[in-house]
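Have a look at start.csv; it's CSV, N, CA and C atoms:
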chain,number,residue,atom,x,y,z
A,1,MET,N,8.5,-18.0,6.7
A,1,MET,CA,8.5,-16.6,7.0
A,1,MET,C,8.8,-15.8,5.7
A,2,ALA,N,7.9,-14.8,5.4
A,2,ALA,CA,8.0,-14.1,4.1
A,2,ALA,C,9.2,-13.2,4.0
A,3,ASN,N,9.4,-12.3,5.0
A,3,ASN,CA,10.5,-11.3,4.9
A,3,ASN,C,10.5,-10.4,3.7
A,4,ARG,N,9.3,-10.0,3.3
A,4,ARG,CA,9.2,-9.1,2.1
A,4,ARG,C,9.2,-7.7,2.7
A,5,ILE,N,9.7,-6.7,1.8
A,5,ILE,CA,9.6,-5.3,2.1
A,5,ILE,C,8.5,-4.8,1.2
A,6,ILE,N,7.5,-4.2,1.8
A,6,ILE,CA,6.3,-3.7,1.0
A,6,ILE,C,6.3,-2.2,1.2
A,7,ALA,N,6.5,-1.5,0.0
A,7,ALA,CA,6.5,0.0,0.0
A,7,ALA,C,5.1,0.5,-0.1
A,8,VAL,N,4.8,1.5,0.8
A,8,VAL,CA,3.4,2.0,0.9
A,8,VAL,C,3.5,3.5,0.9
A,9,SER,N,2.5,4.2,0.3
A,9,SER,CA,2.5,5.7,0.3
A,9,SER,C,1.2,6.3,0.6
A,10,SER,N,0.2,5.5,1.0
A,10,SER,CA,-1.1,6.0,1.3
A,10,SER,C,-1.8,5.2,2.4
A,11,ALA,N,-2.8,5.7,3.0
A,11,ALA,CA,-3.6,5.0,4.0
A,11,ALA,C,-4.2,3.8,3.4
A,12,ALA,N,-4.8,3.9,2.2
A,12,ALA,CA,-5.4,2.8,1.6
A,12,ALA,C,-4.4,1.7,1.2
A,13,GLY,N,-3.2,2.1,0.8
A,13,GLY,CA,-2.1,1.1,0.5
A,13,GLY,C,-1.7,0.4,1.8
A,14,LEU,N,-1.7,1.1,2.9
A,14,LEU,CA,-1.3,0.5,4.2
A,14,LEU,C,-2.4,-0.5,4.6
A,15,ARG,N,-3.7,-0.2,4.4
A,15,ARG,CA,-4.7,-1.2,4.7
A,15,ARG,C,-4.6,-2.4,3.9
A,16,ASP,N,-4.3,-2.3,2.6
A,16,ASP,CA,-4.1,-3.4,1.7
A,16,ASP,C,-2.9,-4.2,2.1
A,17,ALA,N,-1.8,-3.5,2.4
A,17,ALA,CA,-0.6,-4.2,2.8
A,17,ALA,C,-0.8,-5.1,4.1
A,18,LEU,N,-1.5,-4.5,5.1
A,18,LEU,CA,-1.8,-5.3,6.3
A,18,LEU,C,-2.7,-6.4,6.0
A,19,ALA,N,-3.7,-6.3,5.2
A,19,ALA,CA,-4.7,-7.3,4.9
A,19,ALA,C,-4.0,-8.5,4.2
A,20,ASN,N,-2.9,-8.2,3.5
A,20,ASN,CA,-2.1,-9.3,2.7
A,20,ASN,C,-0.8,-9.6,3.3
A,21,ALA,N,-0.5,-9.1,4.5
A,21,ALA,CA,0.8,-9.3,5.1
A,21,ALA,C,1.0,-10.7,5.6
A,22,GLU,N,2.3,-11.1,5.6
A,22,GLU,CA,2.6,-12.4,6.1
A,22,GLU,C,3.7,-12.2,7.1
A,23,ALA,N,3.8,-13.2,8.0
A,23,ALA,CA,4.8,-13.2,9.1
A,23,ALA,C,6.2,-12.8,8.5
A,24,GLY,N,6.9,-11.8,9.2
A,24,GLY,CA,8.2,-11.4,8.8
A,24,GLY,C,8.2,-10.2,7.8
A,25,ASP,N,7.1,-9.8,7.3
A,25,ASP,CA,7.0,-8.7,6.3
A,25,ASP,C,7.4,-7.4,7.0
A,26,VAL,N,7.9,-6.5,6.3
A,26,VAL,CA,8.2,-5.1,6.7
A,26,VAL,C,7.4,-4.2,5.8
A,27,ILE,N,6.5,-3.4,6.4
A,27,ILE,CA,5.8,-2.4,5.6
A,27,ILE,C,6.4,-1.1,5.8
A,28,GLU,N,7.0,-0.6,4.7
A,28,GLU,CA,7.8,0.7,4.8
A,28,GLU,C,6.9,1.8,4.3
A,29,LEU,N,6.6,2.8,5.1
A,29,LEU,CA,5.7,3.9,4.8
A,29,LEU,C,6.5,5.1,4.3
A,30,ALA,N,6.1,5.7,3.2
A,30,ALA,CA,6.7,6.9,2.7
A,30,ALA,C,6.3,8.0,3.7
A,31,SER,N,7.0,9.1,3.8
A,31,SER,CA,6.7,10.2,4.7
A,31,SER,C,5.3,10.7,4.3
A,32,GLY,N,4.5,11.0,5.4
A,32,GLY,CA,3.2,11.6,5.1
A,32,GLY,C,2.2,11.2,6.3
A,33,ASP,N,1.0,11.7,6.1
A,33,ASP,CA,0.0,11.5,7.2
A,33,ASP,C,-0.9,10.4,6.8
A,34,TYR,N,-1.0,9.4,7.6
A,34,TYR,CA,-1.8,8.2,7.4
A,34,TYR,C,-3.1,8.1,8.2
A,35,GLY,N,-3.4,9.2,8.8
A,35,GLY,CA,-4.7,9.2,9.6
A,35,GLY,C,-4.6,8.3,10.8
A,36,SER,N,-5.6,7.7,11.2
A,36,SER,CA,-5.6,6.7,12.3
A,36,SER,C,-5.4,5.3,11.8
A,37,LEU,N,-4.6,4.6,12.5
A,37,LEU,CA,-4.3,3.2,12.1
A,37,LEU,C,-5.0,2.3,13.0
A,38,ALA,N,-5.8,1.3,12.4
A,38,ALA,CA,-6.5,0.3,13.1
A,38,ALA,C,-6.0,-1.1,12.7
A,39,VAL,N,-5.4,-1.8,13.6
A,39,VAL,CA,-5.0,-3.2,13.3
A,39,VAL,C,-5.9,-4.1,14.1
A,40,ARG,N,-6.8,-4.8,13.4
A,40,ARG,CA,-7.8,-5.6,14.1
A,40,ARG,C,-7.8,-7.0,13.6
A,41,ASP,N,-7.8,-8.0,14.5
A,41,ASP,CA,-8.0,-9.4,14.2
A,41,ASP,C,-6.9,-9.9,13.2
A,42,LEU,N,-5.7,-9.5,13.4
A,42,LEU,CA,-4.6,-10.0,12.6
A,42,LEU,C,-3.7,-10.8,13.4
A,43,ASP,N,-3.5,-12.1,13.1
A,43,ASP,CA,-2.8,-13.0,13.9
A,43,ASP,C,-1.6,-13.6,13.1
A,44,PHE,N,-0.4,-13.0,13.3
A,44,PHE,CA,0.7,-13.5,12.6
A,44,PHE,C,1.6,-14.4,13.5
A,45,SER,N,2.4,-15.2,12.9
A,45,SER,CA,3.3,-16.1,13.7
A,45,SER,C,4.6,-15.5,14.0
A,46,ASP,N,5.0,-14.4,13.3
A,46,ASP,CA,6.2,-13.7,13.6
A,46,ASP,C,5.9,-12.2,13.3
A,47,TYR,N,6.7,-11.3,13.7
A,47,TYR,CA,6.4,-9.9,13.6
A,47,TYR,C,6.2,-9.4,12.2
A,48,VAL,N,5.2,-8.6,12.0
A,48,VAL,CA,5.0,-7.8,10.8
A,48,VAL,C,5.3,-6.3,11.3
A,49,THR,N,6.3,-5.7,10.7
A,49,THR,CA,6.7,-4.4,11.1
A,49,THR,C,6.2,-3.3,10.2
A,50,ILE,N,5.7,-2.2,10.9
A,50,ILE,CA,5.2,-1.0,10.2
A,50,ILE,C,6.2,0.0,10.6
A,51,THR,N,6.9,0.6,9.6
A,51,THR,CA,8.0,1.5,9.9
A,51,THR,C,8.0,2.7,8.8
A,52,SER,N,8.6,3.8,9.2
A,52,SER,CA,8.9,4.9,8.3
A,52,SER,C,10.1,4.5,7.4
A,53,ALA,N,9.9,4.7,6.1
A,53,ALA,CA,10.9,4.4,5.1
A,53,ALA,C,12.1,5.3,5.3
A,54,ASP,N,11.9,6.5,5.7
A,54,ASP,CA,13.0,7.5,5.8
A,54,ASP,C,13.8,7.3,7.1
A,55,GLY,N,13.4,6.5,8.0
A,55,GLY,CA,14.1,6.3,9.2
A,55,GLY,C,14.1,7.5,10.2
A,56,ASN,N,13.2,8.4,9.9
A,56,ASN,CA,13.2,9.7,10.7
A,56,ASN,C,11.8,10.0,11.2
A,57,GLN,N,11.0,9.0,11.4
A,57,GLN,CA,9.6,9.2,11.9
A,57,GLN,C,8.7,10.1,10.9
A,58,GLY,N,9.0,9.9,9.6
A,58,GLY,CA,8.3,10.7,8.6
A,58,GLY,C,6.8,10.3,8.4
A,59,ALA,N,6.5,9.0,8.8
A,59,ALA,CA,5.2,8.5,8.7
A,59,ALA,C,4.4,8.9,9.9
A,60,ARG,N,3.3,9.5,9.8
A,60,ARG,CA,2.5,10.1,11.0
A,60,ARG,C,1.1,9.4,11.0
A,61,PHE,N,0.7,9.2,12.3
A,61,PHE,CA,-0.6,8.7,12.6
A,61,PHE,C,-1.3,9.6,13.6
A,62,GLY,N,-2.6,9.8,13.6
A,62,GLY,CA,-3.3,10.5,14.6
A,62,GLY,C,-3.5,9.6,15.8
A,63,THR,N,-3.8,8.4,15.6
A,63,THR,CA,-3.9,7.4,16.7
A,63,THR,C,-3.6,6.0,16.1
A,64,VAL,N,-3.2,5.1,17.0
A,64,VAL,CA,-3.0,3.7,16.6
A,64,VAL,C,-3.8,2.8,17.6
A,65,ASP,N,-4.6,1.9,17.0
A,65,ASP,CA,-5.4,1.0,17.8
A,65,ASP,C,-5.1,-0.4,17.3
A,66,ILE,N,-4.6,-1.2,18.2
A,66,ILE,CA,-4.2,-2.6,17.9
A,66,ILE,C,-5.2,-3.5,18.8
A,67,ASP,N,-6.0,-4.2,18.1
A,67,ASP,CA,-7.1,-5.0,18.8
A,67,ASP,C,-7.1,-6.4,18.4
A,68,ASN,N,-7.0,-7.4,19.3
A,68,ASN,CA,-7.1,-8.8,19.0
A,68,ASN,C,-6.1,-9.2,17.9
A,69,SER,N,-4.9,-8.7,18.0
A,69,SER,CA,-3.9,-9.0,17.0
A,69,SER,C,-2.6,-9.5,17.7
A,70,SER,N,-1.7,-10.2,16.9
A,70,SER,CA,-0.5,-10.7,17.5
A,70,SER,C,0.7,-10.4,16.5
A,71,TYR,N,1.8,-10.3,17.1
A,71,TYR,CA,3.1,-10.0,16.4
A,71,TYR,C,3.0,-8.9,15.5
A,72,VAL,N,2.7,-7.7,16.0
A,72,VAL,CA,2.7,-6.4,15.3
A,72,VAL,C,3.8,-5.5,15.9
A,73,LYS,N,4.6,-5.0,15.1
A,73,LYS,CA,5.7,-4.0,15.6
A,73,LYS,C,5.5,-2.7,14.9
A,74,ILE,N,5.4,-1.6,15.6
A,74,ILE,CA,5.4,-0.3,15.1
A,74,ILE,C,6.7,0.3,15.4
A,75,ASP,N,7.4,0.8,14.4
A,75,ASP,CA,8.8,1.2,14.6
A,75,ASP,C,9.1,2.5,13.8
A,76,GLY,N,9.6,3.5,14.5
A,76,GLY,CA,10.1,4.7,13.8
A,76,GLY,C,9.0,5.6,13.2
A,77,VAL,N,7.8,5.7,13.8
A,77,VAL,CA,6.8,6.5,13.3
A,77,VAL,C,6.5,7.6,14.3
A,78,HIS,N,5.6,8.5,13.9
A,78,HIS,CA,5.2,9.6,14.8
A,78,HIS,C,3.7,9.6,15.0
A,79,VAL,N,3.3,9.4,16.2
A,79,VAL,CA,1.8,9.4,16.6
A,79,VAL,C,1.6,10.7,17.3
A,80,GLU,N,0.8,11.6,16.7
A,80,GLU,CA,0.5,12.9,17.2
A,80,GLU,C,-1.0,13.2,17.0
A,81,ASN,N,-1.6,13.7,18.0
A,81,ASN,CA,-3.0,14.1,17.9
A,81,ASN,C,-3.2,15.4,18.6
A,82,THR,N,-3.5,16.5,17.8
A,82,THR,CA,-3.7,17.8,18.4
A,82,THR,C,-5.2,18.1,18.7
A,83,GLY,N,-6.0,17.1,18.4
A,83,GLY,CA,-7.4,17.3,18.7
A,83,GLY,C,-7.7,17.2,20.2
A,84,THR,N,-9.0,17.5,20.5
A,84,THR,CA,-9.4,17.4,21.9
A,84,THR,C,-9.7,15.9,22.3
A,85,GLY,N,-8.9,15.4,23.2
A,85,GLY,CA,-9.2,14.1,23.7
A,85,GLY,C,-9.7,14.2,25.1
A,86,SER,N,-9.6,13.1,25.9
A,86,SER,CA,-10.0,13.1,27.3
A,86,SER,C,-9.0,12.2,28.0
A,87,ILE,N,-9.0,12.2,29.3
A,87,ILE,CA,-8.1,11.5,30.1
A,87,ILE,C,-8.2,10.0,29.8
A,88,THR,N,-9.3,9.5,29.2
A,88,THR,CA,-9.4,8.1,28.8
A,88,THR,C,-9.1,7.9,27.3
A,89,SER,N,-8.7,8.9,26.6
A,89,SER,CA,-8.3,8.7,25.2
A,89,SER,C,-6.8,8.3,25.1
A,90,ALA,N,-6.6,7.3,24.3
A,90,ALA,CA,-5.2,6.8,24.1
A,90,ALA,C,-4.7,7.1,22.7
A,91,LEU,N,-3.5,7.6,22.6
A,91,LEU,CA,-2.8,7.8,21.3
A,91,LEU,C,-2.5,6.4,20.7
A,92,VAL,N,-2.0,5.5,21.5
A,92,VAL,CA,-1.7,4.1,21.1
A,92,VAL,C,-2.4,3.2,22.0
A,93,HIS,N,-3.3,2.4,21.5
A,93,HIS,CA,-4.2,1.5,22.4
A,93,HIS,C,-4.0,0.1,21.9
A,94,VAL,N,-3.6,-0.7,22.9
A,94,VAL,CA,-3.4,-2.2,22.6
A,94,VAL,C,-4.4,-2.9,23.5
A,95,THR,N,-5.3,-3.7,22.9
A,95,THR,CA,-6.4,-4.3,23.6
A,95,THR,C,-6.9,-5.6,23.0
A,96,GLY,N,-7.9,-6.1,23.6
A,96,GLY,CA,-8.6,-7.3,23.0
A,96,GLY,C,-7.8,-8.6,23.0
A,97,GLY,N,-6.9,-8.8,24.0
A,97,GLY,CA,-6.1,-10.0,24.0
A,97,GLY,C,-4.9,-10.0,23.1
A,98,SER,N,-4.6,-8.8,22.5
A,98,SER,CA,-3.4,-8.7,21.7
A,98,SER,C,-2.2,-9.2,22.4
A,99,ASN,N,-1.3,-9.7,21.6
A,99,ASN,CA,0.0,-10.2,22.3
A,99,ASN,C,1.1,-10.0,21.3
A,100,HIS,N,2.3,-9.9,21.9
A,100,HIS,CA,3.6,-9.7,21.1
A,100,HIS,C,3.4,-8.4,20.2
A,101,VAL,N,3.1,-7.3,20.9
A,101,VAL,CA,3.0,-6.0,20.2
A,101,VAL,C,4.2,-5.2,20.7
A,102,GLU,N,4.9,-4.6,19.8
A,102,GLU,CA,6.0,-3.7,20.2
A,102,GLU,C,5.9,-2.3,19.5
A,103,VAL,N,6.2,-1.3,20.3
A,103,VAL,CA,6.3,0.1,19.8
A,103,VAL,C,7.7,0.6,20.1
A,104,SER,N,8.5,0.9,19.1
A,104,SER,CA,9.8,1.3,19.4
A,104,SER,C,10.2,2.5,18.5
A,105,ASN,N,11.2,3.2,18.9
A,105,ASN,CA,11.9,4.3,18.1
A,105,ASN,C,10.8,5.3,17.6
A,106,SER,N,9.8,5.5,18.3
A,106,SER,CA,8.7,6.3,17.8
A,106,SER,C,8.4,7.5,18.8
A,107,GLU,N,7.9,8.6,18.2
A,107,GLU,CA,7.5,9.7,19.1
A,107,GLU,C,6.0,9.7,19.2
A,108,ILE,N,5.5,9.8,20.4
A,108,ILE,CA,4.0,9.8,20.7
A,108,ILE,C,3.7,11.0,21.5
A,109,ASN,N,2.9,11.9,21.0
A,109,ASN,CA,2.5,13.1,21.7
A,109,ASN,C,1.2,13.7,21.3
A,110,ALA,N,0.6,14.3,22.3
A,110,ALA,CA,-0.6,15.2,22.0
A,110,ALA,C,-0.1,16.6,21.8
A,111,SER,N,-1.0,17.6,21.9
A,111,SER,CA,-0.6,19.0,21.9
A,111,SER,C,0.4,19.3,23.0
A,112,VAL,N,1.4,20.0,22.6
A,112,VAL,CA,2.3,20.4,23.6
A,112,VAL,C,1.9,21.8,24.1
A,113,ASP,N,0.9,21.7,25.0
A,113,ASP,CA,0.3,23.0,25.5
A,113,ASP,C,0.2,23.1,27.0
A,114,GLY,N,0.8,22.1,27.7
A,114,GLY,CA,0.8,22.2,29.2
A,114,GLY,C,-0.4,21.6,29.8
A,115,ASN,N,-1.4,21.2,29.0
A,115,ASN,CA,-2.6,20.5,29.4
A,115,ASN,C,-2.4,19.0,29.4
A,116,TYR,N,-2.2,18.4,30.5
A,116,TYR,CA,-1.9,17.0,30.5
A,116,TYR,C,-3.1,16.1,30.8
A,117,ASP,N,-4.3,16.5,30.5
A,117,ASP,CA,-5.4,15.6,30.7
A,117,ASP,C,-6.2,15.4,29.4
A,118,ASP,N,-5.6,15.6,28.3
A,118,ASP,CA,-6.3,15.4,27.0
A,118,ASP,C,-6.1,14.0,26.5
A,119,TRP,N,-4.9,13.4,26.5
A,119,TRP,CA,-4.7,12.1,26.0
A,119,TRP,C,-3.7,11.4,26.9
A,120,ARG,N,-3.8,10.0,26.7
A,120,ARG,CA,-2.7,9.2,27.3
A,120,ARG,C,-1.9,8.7,26.2
A,121,GLY,N,-0.6,8.4,26.5
A,121,GLY,CA,0.3,7.9,25.5
A,121,GLY,C,0.0,6.5,25.0
A,122,ILE,N,0.6,5.5,25.6
A,122,ILE,CA,0.4,4.1,25.2
A,122,ILE,C,-0.4,3.5,26.3
A,123,VAL,N,-1.5,2.8,26.0
A,123,VAL,CA,-2.4,2.1,26.9
A,123,VAL,C,-2.5,0.7,26.4
A,124,ALA,N,-2.1,-0.2,27.3
A,124,ALA,CA,-2.3,-1.7,27.0
A,124,ALA,C,-3.3,-2.2,28.1
A,125,ASP,N,-4.4,-2.6,27.6
A,125,ASP,CA,-5.4,-3.3,28.6
A,125,ASP,C,-5.9,-4.5,27.8
A,126,GLU,N,-6.2,-5.5,28.6
A,126,GLU,CA,-6.7,-6.8,28.0
A,126,GLU,C,-5.7,-7.3,27.0
A,127,ALA,N,-4.4,-7.1,27.2
A,127,ALA,CA,-3.3,-7.5,26.3
A,127,ALA,C,-2.4,-8.5,27.0
A,128,ASN,N,-1.7,-9.3,26.3
A,128,ASN,CA,-0.7,-10.2,26.8
A,128,ASN,C,0.6,-10.0,26.2
A,129,ASN,N,1.7,-10.3,27.0
A,129,ASN,CA,3.0,-10.2,26.5
A,129,ASN,C,3.3,-8.9,25.9

Target format structure tokens, applied to this file:
Amino acid sequence: MANRIIAVSSAAGLRDALANAEAGDVIELASGDYGSLAVRDLDFSDYVTITSADGNQGARFGTVDIDNSSYVKIDGVHVENTGTGSITSALVHVTGGSNHVEVSNSEINASVDGNYDDWRGIVADEANN
């Protein structure tokens, strides 16, 4: 198990960190906007954690999509999308047989406008564990 702490400050840096991550790694994100996060076809034997370095949800994503991946932990981030979604749009989507996925200590929200049919929060379909 690697147990490395990898400091990241850009979306490109996050993509590189994920592509080279090993089981047990923690990817610490500097505060800022990272766009949409896509974790696809990554199979770890222990958790790889993606977290805000500031401990205060300073790293932000528009959406998070975890597909066909295992042992991924999202911790202490903010997922917010103020764009127009639909009742089938997910802010955090776990799918494709993904397993051992955790989302904790994070804020997940769409526009706070009283319209509750734009986005769904966390959706897990075709996922295990």

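Between CA of Asn109 (chain A) and CA of Asp65 (chain A) the interatomic distance comes to 15.0 Å.
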
Using DSSP assignments from the backbone, pull out every residue in chain A that falls under helix (DSSP H, G or I) and give it to me as a list in words. Ala11, Ala12, Gly13, Leu14, Arg15, Asp16, Ala17, Leu18 and Ala19 of chain A

Using DSSP secondary structure from the backbone, list all strand (DSSP E) positions within region 25-57 of chain A, as a PyMOL selection string. chain A and resi 26-29+32-33+37-40+43-52

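Separating atom C of Thr82 (chain A) from atom N of Ala30 (chain A) is a distance of 22.8 Å.
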
Using only N, CA and C atoms, can you tell me which of A:Val94, A:Val77, A:Ile6, A:Leu37 comes closest to Asn56 (chain A)? A:Val77

What's the separation between CA of Leu91 (chain A) and atom C of Ala19 (chain A), in Å to one decimal place? 23.7 Å

Please check which residues have atoms at most 12 Å from (4.1, -12.1, 6.1) in the file's coordinates, counting only C-alpha atoms, and write them as a PyMOL selection string. chain A and resi 1-6+17-27+42-50+71-72

Arg120 (chain A) surroundings by only C-alpha atoms, 8 Å radius, close-in-sequence under 5 positions cut, as a PDB file with N, CA and C atoms, in the frame of the given file:
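Contents of out.pdb, freshly written:
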ATOM      1  N   ILE A  87      -9.000  12.200  29.300  1.00  0.00           N
ATOM      2  CA  ILE A  87      -8.100  11.500  30.100  1.00  0.00           C
ATOM      3  C   ILE A  87      -8.200  10.000  29.800  1.00  0.00           C
ATOM      4  N   THR A  88      -9.300   9.500  29.200  1.00  0.00           N
ATOM      5  CA  THR A  88      -9.400   8.100  28.800  1.00  0.00           C
ATOM      6  C   THR A  88      -9.100   7.900  27.300  1.00  0.00           C
ATOM      7  N   SER A  89      -8.700   8.900  26.600  1.00  0.00           N
ATOM      8  CA  SER A  89      -8.300   8.700  25.200  1.00  0.00           C
ATOM      9  C   SER A  89      -6.800   8.300  25.100  1.00  0.00           C
ATOM     10  N   ALA A  90      -6.600   7.300  24.300  1.00  0.00           N
ATOM     11  CA  ALA A  90      -5.200   6.800  24.100  1.00  0.00           C
ATOM     12  C   ALA A  90      -4.700   7.100  22.700  1.00  0.00           C
ATOM     13  N   LEU A  91      -3.500   7.600  22.600  1.00  0.00           N
ATOM     14  CA  LEU A  91      -2.800   7.800  21.300  1.00  0.00           C
ATOM     15  C   LEU A  91      -2.500   6.400  20.700  1.00  0.00           C
TER      16      LEU A  91
END

Nearest to Val103 (chain A): which of A:Ala53, A:Ala12, A:Leu29, A:Ile74 is it, counting all atoms listed in the file? A:Ile74

Please, which residues are within 8 Å of (5.0, -10.6, 22.9) by the file's coordinates, counting all atoms listed in the file, and could they come as a PyMOL selection string? chain A and resi 70-72+98-102+128-129

Nearest to Asp67 (chain A), chosen from A:Ala11, A:Glu126, A:Gly121, A:Gly55, with only C-alpha atoms counted in the distances: A:Glu126

Could you write region 56-72 of chain A as a compact mmCIF listing (two decimals), keeping the file's coordinate frame, with N, CA, C and O atoms rebuilt where they are missing?
# COMPACT_ATOMS: atom_id res chain seq x y z
N ASN A 56 13.20 8.40 9.90
CA ASN A 56 13.20 9.70 10.70
C ASN A 56 11.80 10.00 11.20
O ASN A 56 11.44 11.20 11.20
N GLN A 57 11.00 9.00 11.40
CA GLN A 57 9.60 9.20 11.90
C GLN A 57 8.70 10.10 10.90
O GLN A 57 7.88 10.84 11.34
N GLY A 58 9.00 9.90 9.60
CA GLY A 58 8.30 10.70 8.60
C GLY A 58 6.80 10.30 8.40
O GLY A 58 6.02 11.03 7.94
N ALA A 59 6.50 9.00 8.80
CA ALA A 59 5.20 8.50 8.70
C ALA A 59 4.40 8.90 9.90
O ALA A 59 4.94 8.67 11.05
N ARG A 60 3.30 9.50 9.80
CA ARG A 60 2.50 10.10 11.00
C ARG A 60 1.10 9.40 11.00
O ARG A 60 0.47 9.25 10.02
N PHE A 61 0.70 9.20 12.30
CA PHE A 61 -0.60 8.70 12.60
C PHE A 61 -1.30 9.60 13.60
O PHE A 61 -0.59 10.16 14.48
N GLY A 62 -2.60 9.80 13.60
CA GLY A 62 -3.30 10.50 14.60
C GLY A 62 -3.50 9.60 15.80
O GLY A 62 -3.41 10.10 16.96
N THR A 63 -3.80 8.40 15.60
CA THR A 63 -3.90 7.40 16.70
C THR A 63 -3.60 6.00 16.10
O THR A 63 -3.59 5.81 14.90
N VAL A 64 -3.20 5.10 17.00
CA VAL A 64 -3.00 3.70 16.60
C VAL A 64 -3.80 2.80 17.60
O VAL A 64 -3.65 2.93 18.78
N ASP A 65 -4.60 1.90 17.00
CA ASP A 65 -5.40 1.00 17.80
C ASP A 65 -5.10 -0.40 17.30
O ASP A 65 -5.33 -0.76 16.14
N ILE A 66 -4.60 -1.20 18.20
CA ILE A 66 -4.20 -2.60 17.90
C ILE A 66 -5.20 -3.50 18.80
O ILE A 66 -5.07 -3.46 20.00
N ASP A 67 -6.00 -4.20 18.10
CA ASP A 67 -7.10 -5.00 18.80
C ASP A 67 -7.10 -6.40 18.40
O ASP A 67 -7.16 -6.71 17.15
N ASN A 68 -7.00 -7.40 19.30
CA ASN A 68 -7.10 -8.80 19.00
C ASN A 68 -6.10 -9.20 17.90
O ASN A 68 -6.47 -9.90 16.99
N SER A 69 -4.90 -8.70 18.00
CA SER A 69 -3.90 -9.00 17.00
C SER A 69 -2.60 -9.50 17.70
O SER A 69 -2.31 -9.16 18.85
N SER A 70 -1.70 -10.20 16.90
CA SER A 70 -0.50 -10.70 17.50
C SER A 70 0.70 -10.40 16.50
O SER A 70 0.50 -10.43 15.31
N TYR A 71 1.80 -10.30 17.10
CA TYR A 71 3.10 -10.00 16.40
C TYR A 71 3.00 -8.90 15.50
O TYR A 71 3.25 -8.97 14.26
N VAL A 72 2.70 -7.70 16.00
CA VAL A 72 2.70 -6.40 15.30
C VAL A 72 3.80 -5.50 15.90
O VAL A 72 3.77 -5.31 17.14
